[in-house]
>>> print(open('run_24.txt').read())   # compact mmCIF, C-alpha atoms and all ligand atoms
# COMPACT_ATOMS: atom_id res chain seq x y z
CA MET A 1 82.55 89.57 -78.45
CA SER A 2 83.46 93.11 -79.40
CA GLY A 3 85.72 93.56 -76.37
CA ALA A 4 84.18 97.00 -75.74
CA ALA A 5 83.49 97.72 -72.06
CA ALA A 6 79.80 97.83 -71.11
CA PRO A 7 78.52 101.35 -70.41
CA PRO A 8 78.30 102.17 -66.71
CA SER A 9 74.94 101.14 -65.31
CA ALA A 10 72.52 103.90 -64.32
CA TYR A 11 70.50 101.42 -62.28
CA VAL A 12 69.75 102.58 -58.71
CA PRO A 13 68.16 99.85 -56.54
CA GLY A 14 64.85 101.02 -55.15
CA LEU A 15 65.33 104.30 -57.06
CA GLU A 16 67.02 105.71 -53.96
CA GLY A 17 67.86 109.37 -54.44
CA VAL A 18 66.36 109.43 -57.95
CA VAL A 19 64.23 112.53 -58.60
CA ALA A 20 61.27 111.17 -60.56
CA THR A 21 58.97 114.18 -60.60
CA ARG A 22 58.55 117.80 -59.56
CA THR A 23 55.78 118.67 -57.16
CA ALA A 24 54.34 121.69 -55.41
CA VAL A 25 52.25 119.51 -53.08
CA CYS A 26 54.77 118.48 -50.47
CA LYS A 27 58.40 118.62 -49.42
CA VAL A 28 59.98 115.72 -47.55
CA ALA A 29 63.56 116.13 -46.34
CA ASP A 30 65.37 114.74 -43.32
CA GLY A 31 63.34 115.79 -40.26
CA GLU A 32 61.13 118.02 -42.36
CA LEU A 33 57.61 117.55 -43.74
CA VAL A 34 55.98 120.52 -45.45
CA TYR A 35 52.52 120.61 -47.09
CA ARG A 36 52.28 123.39 -49.67
CA GLY A 37 54.66 125.56 -47.64
CA TYR A 38 53.30 124.73 -44.16
CA HIS A 39 55.48 122.64 -41.87
CA ILE A 40 53.50 119.77 -40.41
CA ASP A 41 54.03 121.20 -36.91
CA GLU A 42 52.05 124.29 -37.99
CA LEU A 43 49.09 122.17 -39.03
CA ALA A 44 48.99 119.34 -36.47
CA GLY A 45 47.11 120.54 -33.41
CA ASN A 46 45.83 123.69 -35.13
CA ALA A 47 43.99 122.71 -38.29
CA GLU A 48 40.97 120.58 -39.06
CA TYR A 49 41.55 117.73 -41.50
CA GLU A 50 39.14 119.37 -43.93
CA GLU A 51 41.34 122.50 -44.03
CA VAL A 52 44.41 120.40 -44.77
CA ALA A 53 42.59 118.41 -47.47
CA TYR A 54 41.54 121.72 -49.03
CA LEU A 55 45.11 123.00 -48.79
CA LEU A 56 46.49 119.93 -50.54
CA LEU A 57 43.87 119.94 -53.29
CA HIS A 58 43.68 123.69 -53.93
CA GLY A 59 47.17 124.85 -52.98
CA ALA A 60 46.13 127.36 -50.29
CA LEU A 61 44.32 127.28 -46.95
CA PRO A 62 40.61 128.01 -47.32
CA ARG A 63 38.99 131.21 -46.17
CA ARG A 64 35.90 130.86 -43.97
CA GLU A 65 33.35 130.68 -46.81
CA GLN A 66 35.53 128.32 -48.88
CA LEU A 67 35.87 125.97 -45.95
CA ARG A 68 32.15 126.06 -45.29
CA GLU A 69 31.43 125.08 -48.91
CA PHE A 70 34.14 122.41 -48.95
CA LYS A 71 32.81 120.83 -45.78
CA ALA A 72 29.25 120.93 -47.12
CA GLU A 73 30.44 119.08 -50.23
CA LEU A 74 32.19 116.46 -48.12
CA VAL A 75 29.09 115.96 -45.97
CA LYS A 76 26.92 115.66 -49.09
CA HIS A 77 29.02 112.80 -50.44
CA ARG A 78 29.52 110.78 -47.26
CA GLN A 79 26.66 108.42 -48.03
CA ILE A 80 27.41 105.13 -49.75
CA SER A 81 25.08 103.43 -52.20
CA PRO A 82 23.21 100.12 -51.73
CA LEU A 83 25.69 98.50 -54.16
CA VAL A 84 28.63 99.57 -52.00
CA ARG A 85 26.85 98.60 -48.78
CA ASP A 86 26.14 95.13 -50.19
CA LEU A 87 29.73 94.70 -51.29
CA ILE A 88 30.95 95.55 -47.79
CA ARG A 89 28.45 93.20 -46.18
CA ASN A 90 29.42 90.35 -48.51
CA MET A 91 33.13 90.81 -47.93
CA SER A 92 33.15 91.64 -44.24
CA GLU A 93 33.33 88.06 -42.98
CA SER A 94 36.40 86.94 -44.88
CA GLY A 95 38.04 90.04 -46.38
CA THR A 96 41.01 91.71 -44.73
CA PRO A 97 40.60 95.47 -44.14
CA MET A 98 42.90 96.65 -46.93
CA ASP A 99 41.45 94.17 -49.45
CA VAL A 100 37.95 95.33 -48.63
CA LEU A 101 38.89 99.01 -48.77
CA ARG A 102 40.72 98.64 -52.09
CA THR A 103 37.92 96.62 -53.69
CA VAL A 104 35.13 98.86 -52.48
CA ILE A 105 36.86 102.13 -53.32
CA SER A 106 37.58 100.74 -56.79
CA ALA A 107 33.89 99.80 -57.10
CA THR A 108 32.77 103.37 -56.37
CA SER A 109 34.04 104.24 -59.86
CA LEU A 110 31.06 102.31 -61.26
CA GLU A 111 28.77 104.97 -59.85
CA ASP A 112 30.87 108.07 -60.26
CA PRO A 113 29.28 110.42 -62.79
CA ALA A 114 32.68 111.75 -63.90
CA GLU A 115 34.44 108.38 -64.24
CA GLY A 116 36.95 108.69 -67.08
CA ASP A 117 36.92 112.52 -67.08
CA ASN A 118 40.40 113.71 -66.08
CA SER A 119 39.72 117.44 -66.32
CA GLU A 120 40.70 119.54 -63.29
CA GLY A 121 37.09 120.20 -62.28
CA ALA A 122 36.07 116.55 -62.55
CA ASP A 123 39.19 115.42 -60.69
CA LEU A 124 38.46 117.85 -57.87
CA ARG A 125 34.87 116.63 -57.55
CA LYS A 126 36.07 113.01 -57.55
CA ALA A 127 38.70 113.84 -54.92
CA ILE A 128 35.95 115.23 -52.67
CA ARG A 129 33.72 112.21 -53.25
CA LEU A 130 36.54 109.76 -52.50
CA THR A 131 37.68 111.68 -49.41
CA ALA A 132 34.09 111.81 -48.16
CA LYS A 133 33.26 108.13 -48.76
CA MET A 134 36.44 106.49 -47.54
CA PRO A 135 35.61 106.89 -43.80
CA THR A 136 32.04 105.66 -44.37
CA VAL A 137 33.29 102.56 -46.18
CA LEU A 138 35.84 101.73 -43.50
CA ALA A 139 33.44 102.38 -40.62
CA ALA A 140 30.73 100.22 -42.25
CA TYR A 141 33.24 97.38 -42.63
CA ILE A 142 34.38 97.76 -39.00
CA ARG A 143 30.78 97.47 -37.80
CA ARG A 144 29.81 94.67 -40.21
CA ARG A 145 32.65 92.38 -39.24
CA LYS A 146 31.50 92.68 -35.63
CA GLY A 147 28.02 91.64 -36.79
CA LEU A 148 26.66 95.16 -36.24
CA GLN A 149 24.60 97.41 -38.50
CA PRO A 150 26.53 100.37 -39.96
CA ILE A 151 25.92 103.74 -38.30
CA PRO A 152 24.96 106.35 -40.90
CA PRO A 153 27.05 109.53 -41.24
CA GLU A 154 26.09 112.46 -39.04
CA ALA A 155 25.96 115.72 -40.98
CA GLY A 156 26.61 117.88 -37.91
CA LEU A 157 29.99 116.28 -37.21
CA GLY A 158 33.36 117.10 -38.76
CA HIS A 159 35.34 114.57 -40.79
CA ALA A 160 37.22 112.89 -37.93
CA ALA A 161 34.40 113.11 -35.37
CA ASN A 162 31.99 111.61 -37.88
CA PHE A 163 34.37 108.72 -38.54
CA ALA A 164 34.70 108.06 -34.79
CA HIS A 165 30.91 108.16 -34.50
CA MET A 166 30.32 105.77 -37.44
CA ALA A 167 33.06 103.32 -36.45
CA LEU A 168 32.79 103.32 -32.66
CA GLY A 169 29.33 104.72 -31.88
CA ASP A 170 28.85 105.49 -28.20
CA GLN A 171 31.97 103.45 -27.40
CA ALA A 172 34.14 106.20 -28.92
CA HIS A 173 36.93 107.44 -26.65
CA ALA A 174 36.39 111.04 -25.44
CA ARG A 175 39.57 112.10 -27.31
CA ALA A 176 38.83 110.06 -30.46
CA ALA A 177 37.71 112.97 -32.64
CA ASP A 178 40.60 115.32 -31.92
CA VAL A 179 43.29 112.62 -31.92
CA LEU A 180 42.02 111.14 -35.20
CA ASN A 181 41.80 114.62 -36.70
CA THR A 182 45.52 115.14 -36.06
CA CYS A 183 46.41 111.60 -37.17
CA PHE A 184 44.60 112.14 -40.47
CA ILE A 185 46.51 115.41 -40.93
CA LEU A 186 49.87 113.79 -40.15
CA GLN A 187 49.17 111.02 -42.65
CA ALA A 188 47.51 113.14 -45.33
CA GLU A 189 50.54 113.52 -47.55
CA HIS A 190 54.14 112.41 -47.88
CA GLY A 191 55.76 113.24 -51.20
CA LEU A 192 56.73 110.45 -53.55
CA ASN A 193 56.26 107.51 -51.18
CA ALA A 194 55.51 104.15 -52.81
CA SER A 195 51.71 104.49 -52.92
CA THR A 196 51.77 108.08 -54.21
CA PHE A 197 54.35 107.16 -56.83
CA THR A 198 52.09 104.26 -57.85
CA ALA A 199 49.12 106.63 -58.10
CA ARG A 200 51.14 109.03 -60.27
CA VAL A 201 52.38 106.24 -62.56
CA VAL A 202 48.80 105.09 -63.13
CA ALA A 203 47.56 108.68 -63.59
CA SER A 204 50.40 109.28 -66.08
CA THR A 205 48.85 106.73 -68.45
CA ASP A 206 45.84 109.07 -68.50
CA ALA A 207 43.93 106.57 -66.40
CA ASP A 208 41.34 108.13 -64.11
CA MET A 209 41.43 109.01 -60.43
CA HIS A 210 39.67 105.87 -59.20
CA ALA A 211 42.11 103.63 -61.08
CA SER A 212 45.04 105.59 -59.61
CA VAL A 213 43.69 105.54 -56.03
CA SER A 214 42.88 101.82 -56.23
CA ALA A 215 46.46 101.13 -57.29
CA ALA A 216 47.74 103.34 -54.46
CA LEU A 217 45.70 101.34 -51.97
CA GLY A 218 47.36 98.19 -53.28
CA ALA A 219 50.80 99.69 -52.71
CA LEU A 220 49.95 101.00 -49.24
CA LYS A 221 49.08 97.51 -48.03
CA GLY A 222 52.64 96.20 -48.00
CA PRO A 223 54.45 95.86 -44.65
CA LEU A 224 57.36 98.00 -45.86
CA HIS A 225 54.92 100.89 -46.42
CA GLY A 226 51.57 101.55 -44.67
CA GLY A 227 51.31 97.91 -43.61
CA ALA A 228 53.93 98.71 -40.97
CA THR A 229 51.18 100.14 -38.72
CA ASP A 230 49.49 96.75 -38.51
CA GLY A 231 52.92 95.10 -38.38
CA THR A 232 53.91 97.18 -35.34
CA MET A 233 50.87 96.03 -33.39
CA ARG A 234 51.57 92.38 -34.29
CA MET A 235 55.17 92.84 -33.13
CA ILE A 236 54.13 94.39 -29.81
CA ASP A 237 51.79 91.45 -29.19
CA GLU A 238 54.57 89.02 -30.06
CA VAL A 239 57.04 90.71 -27.69
CA GLY A 240 54.33 90.47 -25.04
CA ALA A 241 56.10 92.18 -22.11
CA PRO A 242 58.65 95.02 -21.71
CA GLU A 243 61.24 92.68 -20.14
CA ARG A 244 61.18 90.47 -23.26
CA ALA A 245 61.98 93.37 -25.60
CA ALA A 246 65.80 93.20 -25.47
CA ASP A 247 65.94 89.50 -26.43
CA TRP A 248 63.26 89.89 -29.06
CA VAL A 249 65.08 92.80 -30.74
CA ALA A 250 68.49 91.08 -30.57
CA HIS A 251 67.01 87.98 -32.19
CA ALA A 252 65.24 90.04 -34.87
CA ILE A 253 68.39 91.92 -35.83
CA GLN A 254 70.51 88.79 -35.85
CA ASN A 255 68.00 87.20 -38.23
CA LYS A 256 67.70 90.31 -40.44
CA VAL A 257 64.03 90.76 -39.57
CA LYS A 258 62.88 94.28 -40.42
CA ILE A 259 61.43 95.77 -37.28
CA SER A 260 58.13 97.50 -38.10
CA GLY A 261 58.04 101.21 -37.34
CA PHE A 262 61.79 101.75 -37.77
CA GLY A 263 63.64 103.10 -40.75
CA HIS A 264 62.85 105.44 -43.58
CA ARG A 265 64.14 106.06 -47.08
CA VAL A 266 64.22 109.87 -46.83
CA TYR A 267 64.38 110.61 -43.11
CA LYS A 268 67.88 109.76 -41.95
CA THR A 269 67.62 110.92 -38.35
CA HIS A 270 64.06 111.89 -37.52
CA ASP A 271 60.45 111.51 -38.73
CA PRO A 272 58.61 114.66 -37.57
CA ARG A 273 55.24 112.87 -37.50
CA ALA A 274 56.42 110.38 -34.89
CA ASP A 275 56.79 113.06 -32.16
CA HIS A 276 53.11 113.96 -32.36
CA LEU A 277 52.03 110.34 -32.37
CA ARG A 278 54.29 109.41 -29.49
CA ARG A 279 52.66 112.15 -27.41
CA PHE A 280 49.23 110.73 -28.21
CA ALA A 281 50.28 107.17 -27.42
CA GLU A 282 51.81 108.23 -24.11
CA LEU A 283 48.75 110.27 -23.15
CA LEU A 284 46.18 107.64 -24.11
CA ALA A 285 48.17 104.87 -22.41
CA LYS A 286 47.41 106.50 -19.05
CA ASP A 287 43.72 105.51 -19.21
CA TRP A 288 44.34 102.11 -20.82
CA THR A 289 43.68 99.08 -18.69
CA GLY A 290 44.74 96.37 -21.17
CA PRO A 291 48.23 94.99 -21.97
CA LYS A 292 51.17 97.36 -21.46
CA TYR A 293 51.51 98.24 -25.13
CA PHE A 294 53.21 101.62 -24.66
CA GLU A 295 55.71 100.23 -22.15
CA ILE A 296 56.51 97.34 -24.50
CA GLN A 297 56.92 99.78 -27.34
CA GLU A 298 59.26 102.01 -25.34
CA ALA A 299 61.29 98.97 -24.28
CA VAL A 300 61.55 97.87 -27.94
CA ALA A 301 62.68 101.40 -28.90
CA ASP A 302 65.36 101.34 -26.17
CA ALA A 303 66.53 97.92 -27.26
CA VAL A 304 66.71 99.02 -30.91
CA ALA A 305 68.75 102.09 -29.87
CA ARG A 306 71.22 99.83 -28.03
CA GLN A 307 71.49 97.35 -30.91
CA ARG A 308 72.06 100.26 -33.25
CA GLU A 309 75.32 101.17 -31.54
CA THR A 310 76.97 97.99 -32.81
CA ALA A 311 75.14 97.67 -36.14
CA LYS A 312 76.86 98.29 -39.48
CA GLU A 313 76.39 101.72 -41.07
CA SER A 314 73.60 100.78 -43.55
CA VAL A 315 71.49 99.37 -40.72
CA ARG A 316 72.44 102.07 -38.19
CA SER A 317 70.82 104.85 -40.18
CA LYS A 318 67.57 102.88 -40.49
CA LEU A 319 67.38 101.93 -36.83
CA GLY A 320 67.90 105.57 -35.83
CA VAL A 321 64.49 106.63 -37.20
CA VAL A 322 61.23 105.81 -35.45
CA ASN A 323 58.70 106.34 -38.22
CA VAL A 324 55.04 107.40 -38.36
CA ASP A 325 53.66 103.89 -38.15
CA TYR A 326 55.23 103.03 -34.81
CA TYR A 327 53.16 105.17 -32.45
CA ALA A 328 50.14 105.35 -34.79
CA ALA A 329 49.67 101.64 -34.06
CA THR A 330 49.26 102.10 -30.30
CA THR A 331 47.39 105.39 -30.62
CA TYR A 332 44.70 103.68 -32.70
CA THR A 333 44.59 100.69 -30.39
CA TYR A 334 44.02 102.94 -27.37
CA LEU A 335 41.14 104.58 -29.22
CA GLY A 336 39.48 101.17 -29.54
CA ILE A 337 40.41 100.56 -33.17
CA ALA A 338 41.51 96.96 -33.75
CA ALA A 339 45.17 96.23 -34.47
CA ASP A 340 44.62 95.16 -38.09
CA LEU A 341 42.88 98.42 -39.05
CA GLY A 342 45.82 100.80 -38.71
CA THR A 343 46.80 100.68 -42.38
CA SER A 344 43.23 101.31 -43.56
CA LEU A 345 42.98 104.25 -41.21
CA PHE A 346 46.22 105.56 -42.71
CA ALA A 347 44.48 105.43 -46.12
CA VAL A 348 41.57 107.51 -44.82
CA GLY A 349 44.05 110.30 -44.09
CA ARG A 350 46.25 109.79 -47.18
CA ILE A 351 43.43 109.98 -49.72
CA ALA A 352 43.72 113.79 -49.92
CA GLY A 353 47.44 113.61 -50.72
CA TRP A 354 46.96 110.92 -53.36
CA CYS A 355 44.25 112.95 -55.06
CA ALA A 356 46.37 116.13 -55.01
CA HIS A 357 49.22 114.25 -56.73
CA ILE A 358 46.91 112.65 -59.29
CA MET A 359 45.56 116.10 -60.15
CA GLU A 360 49.08 117.50 -60.44
CA GLN A 361 50.05 114.60 -62.72
CA HIS A 362 46.98 115.00 -64.93
CA ALA A 363 47.57 118.75 -65.15
CA ASN A 364 51.10 118.42 -66.50
CA ASN A 365 51.44 114.93 -67.81
CA ARG A 366 54.06 112.87 -69.49
CA ILE A 367 53.79 109.10 -69.21
CA ILE A 368 56.13 107.73 -66.54
CA ARG A 369 58.04 105.04 -68.30
CA PRO A 370 61.53 104.31 -66.98
CA GLU A 371 63.85 101.70 -68.44
CA SER A 372 65.21 98.44 -67.15
CA GLU A 373 68.68 97.04 -67.58
CA TYR A 374 68.44 93.61 -69.18
CA THR A 375 70.36 90.92 -67.27
CA GLY A 376 68.98 87.79 -68.99
CA PRO A 377 70.62 85.56 -71.63
CA ALA A 378 71.09 86.58 -75.27
CA GLY A 379 71.17 84.95 -78.69
CA LYS A 380 69.02 81.93 -77.92
CA ARG A 381 67.54 80.01 -80.86
CA TRP A 382 64.07 78.57 -81.14
CA VAL A 383 63.91 74.82 -80.46
CA PRO A 384 60.73 72.99 -81.51
CA LEU A 385 58.75 71.54 -78.60
CA VAL A 386 59.52 67.91 -79.52
CA GLU A 387 63.25 68.57 -79.35
CA ARG A 388 63.30 70.35 -75.95
C1 LIG A 401 61.36 101.93 -44.41
C2 LIG A 401 62.24 100.94 -45.13
C3 LIG A 401 61.37 100.17 -46.14
C4 LIG A 401 63.32 101.71 -45.89
O1 LIG A 401 63.99 100.82 -46.72
P1 LIG A 401 65.35 101.16 -47.48
O2 LIG A 401 65.60 102.62 -47.50
O3 LIG A 401 65.30 100.45 -48.78
O4 LIG A 401 66.46 100.51 -46.56
P2 LIG A 401 67.07 99.04 -46.66
O5 LIG A 401 65.96 98.05 -46.59
O6 LIG A 401 67.97 98.97 -47.83
O7 LIG A 401 67.88 99.01 -45.32
C5 LIG A 401 69.31 99.07 -45.20
C6 LIG A 401 69.73 98.01 -44.20
O8 LIG A 401 69.07 98.26 -42.96
C7 LIG A 401 68.26 97.13 -42.58
N1 LIG A 401 66.99 97.64 -42.05
C8 LIG A 401 66.21 98.58 -42.60
N2 LIG A 401 65.12 98.80 -41.85
C9 LIG A 401 65.23 97.98 -40.81
C10 LIG A 401 64.39 97.73 -39.72
N3 LIG A 401 63.24 98.39 -39.56
N4 LIG A 401 64.76 96.79 -38.82
C11 LIG A 401 65.92 96.09 -38.97
N5 LIG A 401 66.76 96.30 -40.01
C12 LIG A 401 66.42 97.22 -40.92
C13 LIG A 401 68.03 96.36 -43.86
O9 LIG A 401 67.77 94.98 -43.62
C14 LIG A 401 69.33 96.60 -44.60
O10 LIG A 401 70.28 95.72 -44.09
P3 LIG A 401 71.45 95.14 -45.07
O11 LIG A 401 72.30 96.34 -45.42
O12 LIG A 401 72.14 94.14 -44.19
O13 LIG A 401 70.76 94.53 -46.25
C15 LIG A 401 62.91 99.96 -44.14
O14 LIG A 401 63.63 100.70 -43.20
C16 LIG A 401 61.90 99.04 -43.46
O15 LIG A 401 61.57 98.01 -44.03
N6 LIG A 401 61.39 99.43 -42.26
C17 LIG A 401 60.42 98.59 -41.57
C18 LIG A 401 59.05 98.77 -42.20
C19 LIG A 401 58.47 100.13 -41.90
O16 LIG A 401 58.42 100.58 -40.76
N7 LIG A 401 57.96 100.77 -42.95
C20 LIG A 401 57.28 102.06 -42.86
C21 LIG A 401 58.06 103.15 -43.46
S1 LIG A 401 57.28 104.72 -43.16
>>> encode(input="run_24.txt", output="structure tokens")
Amino acid sequence: MSGAAAPPSAYVPGLEGVVATRTAVCKVADGELVYRGYHIDELAGNAEYEEVAYLLLHGALPRREQLREFKAELVKHRQISPLVRDLIRNMSESGTPMDVLRTVISATSLEDPAEGDNSEGADLRKAIRLTAKMPTVLAAYIRRRKGLQPIPPEAGLGHAANFAHMALGDQAHARAADVLNTCFILQAEHGLNASTFTARVVASTDADMHASVSAALGALKGPLHGGATDGTMRMIDEVGAPERAADWVAHAIQNKVKISGFGHRVYKTHDPRADHLRRFAELLAKDWTGPKYFEIQEAVADAVARQRETAKESVRSKLGVVNVDYYAATTYTYLGIAADLGTSLFAVGRIAGWCAHIMEQHANNRIIRPESEYTGPAGKRWVPLVER
């Protein structure tokens, strides 16, 4: 023992507040979400998803001709190959949505002509191919698991309308295309969230875009991240009725259960995406004849707000934020999209943001390699197996 005091630890659990990169793609601050200089409120309700994907990938909104070309490229790459179709068919009976999406999107690298090329041009072309194919893959899976043939993409339809057409056919809700368009925009990008950070770490090893996106899909699945959309729907089903919400929430908080759709690492008071989604959920609930999901959800939100008043400070700040996943869950359900598909739908929007970050990482790379603080034993000596 030297007697010298150990140096102060730089360890920050969960990397809270740590600035791990610089980015021109997106700014996330409390109550504020900005894509390349445009506040999300400027884009949601005004833009098409394709314009926002272009903005994220190129850094500026497209002019008319640029948008026309970008859309044409997306349409050209919507088709999926026989290999991918077979994979989806083989997995659709037993695979969960996020496992299927991750596996299939990873498999598209086998057919990508630029696989392994991390140049800006190749990355951009791969970003377009991935953005174009993701909805086709998810829609084919949605149809297959219902025992239905996939509906091929329709070249005359925009990104969101085409997804609604492929996934829901003539059962698509009249508002499906415009609501999904805005949902995809709201979910397109979100700074250094866990899946985007994962994508950037993988890209920083000079691994390619497909490897990075596949890893991001793995990270998105977790219930603390994108999995909270599916988790919210499960919770609403479990609560079952608005009058059961208060007891359910009290029990959850007493037992330290994390309530899906509440809390955020960066937003301390307000998630700007949730306002848009709440409006959709409220609107679509009016025509819904099934269980009272929106009413249950509002009762849960009220109960959380009441519990918050007596919660300790660390929990109070989390319970004060209704996040993006909360009303996305009911919005999708009202559009006829099954409860377990919310996270995969999130990925269909987020792909543009992931690709923009991967390109930014490749363009100005240094391997991301933080350190760990060792807390295990020291000085142990080897003991032969017979003596242990
Ligand atoms: C988003 C989230 C992961 C942020 O995590 P974080 O910044 O690391 O916050 P912590 O988990 O450290 O939370 C601090 C405290 O609040 C509690 N808390 C956080 N979110 C909570 C929630 N949704 N419901 C109940 N309690 C919650 C934690 O249990 C913790 O309590 P403790 O101090 O007694 O240990 C977290 O709020 C959460 O798990 N939310 C639910 C899942 C979700 O909706 N995720 C989507 C995010 S967009």
>>> closest_atom_pairs(input="run_24.txt", of="chain A", to="ligand LIG 401 (chain A)", cutoff="8 Å", atoms="all atoms listed in the file", output="Markdown table")
| residue | atom | partner | partner_atom | distance |
| --- | --- | --- | --- | --- |
| A:Gly14 | CA | A:LIG401 | O3 | 6.4 |
| A:Glu16 | CA | A:LIG401 | O2 | 7.3 |
| A:Pro223 | CA | A:LIG401 | C18 | 6.0 |
| A:Leu224 | CA | A:LIG401 | N7 | 4.1 |
| A:His225 | CA | A:LIG401 | C20 | 4.4 |
| A:Gly226 | CA | A:LIG401 | C20 | 6.0 |
| A:Gly227 | CA | A:LIG401 | N7 | 7.3 |
| A:Ala228 | CA | A:LIG401 | C19 | 4.8 |
| A:Thr229 | CA | A:LIG401 | O16 | 7.5 |
| A:Thr232 | CA | A:LIG401 | O16 | 7.8 |
| A:Ala252 | CA | A:LIG401 | C11 | 7.3 |
| A:Ile253 | CA | A:LIG401 | C11 | 5.8 |
| A:Lys256 | CA | A:LIG401 | O9 | 5.7 |
| A:Val257 | CA | A:LIG401 | C11 | 5.7 |
| A:Lys258 | CA | A:LIG401 | N4 | 3.5 |
| A:Ile259 | CA | A:LIG401 | N4 | 3.8 |
| A:Ser260 | CA | A:LIG401 | O16 | 4.1 |
| A:Gly261 | CA | A:LIG401 | O16 | 3.5 |
| A:Phe262 | CA | A:LIG401 | N3 | 4.1 |
| A:Gly263 | CA | A:LIG401 | O14 | 3.4 |
| A:His264 | CA | A:LIG401 | C1 | 3.9 |
| A:Arg265 | CA | A:LIG401 | O2 | 3.8 |
| A:Val266 | CA | A:LIG401 | O2 | 7.4 |
| A:Lys312 | CA | A:LIG401 | O11 | 7.7 |
| A:Ser314 | CA | A:LIG401 | C6 | 4.8 |
| A:Val315 | CA | A:LIG401 | O8 | 3.5 |
| A:Arg316 | CA | A:LIG401 | O8 | 7.0 |
| A:Ser317 | CA | A:LIG401 | O8 | 7.4 |
| A:Lys318 | CA | A:LIG401 | N2 | 4.9 |
| A:Leu319 | CA | A:LIG401 | C10 | 5.9 |
| A:Val322 | CA | A:LIG401 | O16 | 8.0 |
| A:Asn323 | CA | A:LIG401 | S1 | 5.4 |
| A:Val324 | CA | A:LIG401 | S1 | 5.9 |
| A:Asp325 | CA | A:LIG401 | C20 | 6.2 |
| A:Tyr326 | CA | A:LIG401 | O16 | 7.2 |
>>> write_last_selection(input="run_24.txt", atoms="C-alpha atoms", output="PDB file, in the frame of the given file")
ATOM      1  CA  GLY A  14      64.850 101.020 -55.150  1.00  0.00           C
ATOM      2  CA  GLU A  16      67.020 105.710 -53.960  1.00  0.00           C
ATOM      3  CA  PRO A 223      54.450  95.860 -44.650  1.00  0.00           C
ATOM      4  CA  LEU A 224      57.360  98.000 -45.860  1.00  0.00           C
ATOM      5  CA  HIS A 225      54.920 100.890 -46.420  1.00  0.00           C
ATOM      6  CA  GLY A 226      51.570 101.550 -44.670  1.00  0.00           C
ATOM      7  CA  GLY A 227      51.310  97.910 -43.610  1.00  0.00           C
ATOM      8  CA  ALA A 228      53.930  98.710 -40.970  1.00  0.00           C
ATOM      9  CA  THR A 229      51.180 100.140 -38.720  1.00  0.00           C
ATOM     10  CA  THR A 232      53.910  97.180 -35.340  1.00  0.00           C
ATOM     11  CA  ALA A 252      65.240  90.040 -34.870  1.00  0.00           C
ATOM     12  CA  ILE A 253      68.390  91.920 -35.830  1.00  0.00           C
ATOM     13  CA  LYS A 256      67.700  90.310 -40.440  1.00  0.00           C
ATOM     14  CA  VAL A 257      64.030  90.760 -39.570  1.00  0.00           C
ATOM     15  CA  LYS A 258      62.880  94.280 -40.420  1.00  0.00           C
ATOM     16  CA  ILE A 259      61.430  95.770 -37.280  1.00  0.00           C
ATOM     17  CA  SER A 260      58.130  97.500 -38.100  1.00  0.00           C
ATOM     18  CA  GLY A 261      58.040 101.210 -37.340  1.00  0.00           C
ATOM     19  CA  PHE A 262      61.790 101.750 -37.770  1.00  0.00           C
ATOM     20  CA  GLY A 263      63.640 103.100 -40.750  1.00  0.00           C
ATOM     21  CA  HIS A 264      62.850 105.440 -43.580  1.00  0.00           C
ATOM     22  CA  ARG A 265      64.140 106.060 -47.080  1.00  0.00           C
ATOM     23  CA  VAL A 266      64.220 109.870 -46.830  1.00  0.00           C
ATOM     24  CA  LYS A 312      76.860  98.290 -39.480  1.00  0.00           C
ATOM     25  CA  SER A 314      73.600 100.780 -43.550  1.00  0.00           C
ATOM     26  CA  VAL A 315      71.490  99.370 -40.720  1.00  0.00           C
ATOM     27  CA  ARG A 316      72.440 102.070 -38.190  1.00  0.00           C
ATOM     28  CA  SER A 317      70.820 104.850 -40.180  1.00  0.00           C
ATOM     29  CA  LYS A 318      67.570 102.880 -40.490  1.00  0.00           C
ATOM     30  CA  LEU A 319      67.380 101.930 -36.830  1.00  0.00           C
ATOM     31  CA  VAL A 322      61.230 105.810 -35.450  1.00  0.00           C
ATOM     32  CA  ASN A 323      58.700 106.340 -38.220  1.00  0.00           C
ATOM     33  CA  VAL A 324      55.040 107.400 -38.360  1.00  0.00           C
ATOM     34  CA  ASP A 325      53.660 103.890 -38.150  1.00  0.00           C
ATOM     35  CA  TYR A 326      55.230 103.030 -34.810  1.00  0.00           C
TER      36      TYR A 326
END
>>> closest_residue(input="run_24.txt", among="A:Gln307, A:Asn255, A:Asn46, A:Thr103", to="A:Asn181", atoms="only C-alpha atoms")
A:Asn46
>>> closest_residue(input="run_24.txt", among="A:Thr21, A:Ser9, A:Gln254, A:Thr96", to="A:Ile142", atoms="all atoms listed in the file")
A:Thr96
>>> axis_aligned_box(input="run_24.txt", around="stretch 352-356 of chain A", padding_each_side="6 Å", output="lines of an AutoDock Vina configuration file")
center_x = 45.6
center_y = 113.5
center_z = -52.5
size_x = 15.7
size_y = 17.2
size_z = 17.1
>>> atom_distance(input="run_24.txt", atom1="atom CA of A:Glu42", atom2="atom CA of A:Ala29")
16.4 Å
>>> atom_distance(input="run_24.txt", atom1="atom CA of A:Arg308", atom2="atom CA of A:Tyr327")
19.5 Å
>>> atom_distance(input="run_24.txt", atom1="atom CA of A:Val321", atom2="atom CA of A:Tyr49")
25.8 Å
>>> closest_residue(input="run_24.txt", among="A:Leu67, A:Ala160, A:Ala53, A:Cys26", to="A:Leu130", atoms="only C-alpha atoms")
A:Ala53
>>> closest_residue(input="run_24.txt", among="A:Ala10, A:Pro377, A:His58, A:Leu283", to="A:Gly121", atoms="all atoms listed in the file")
A:His58
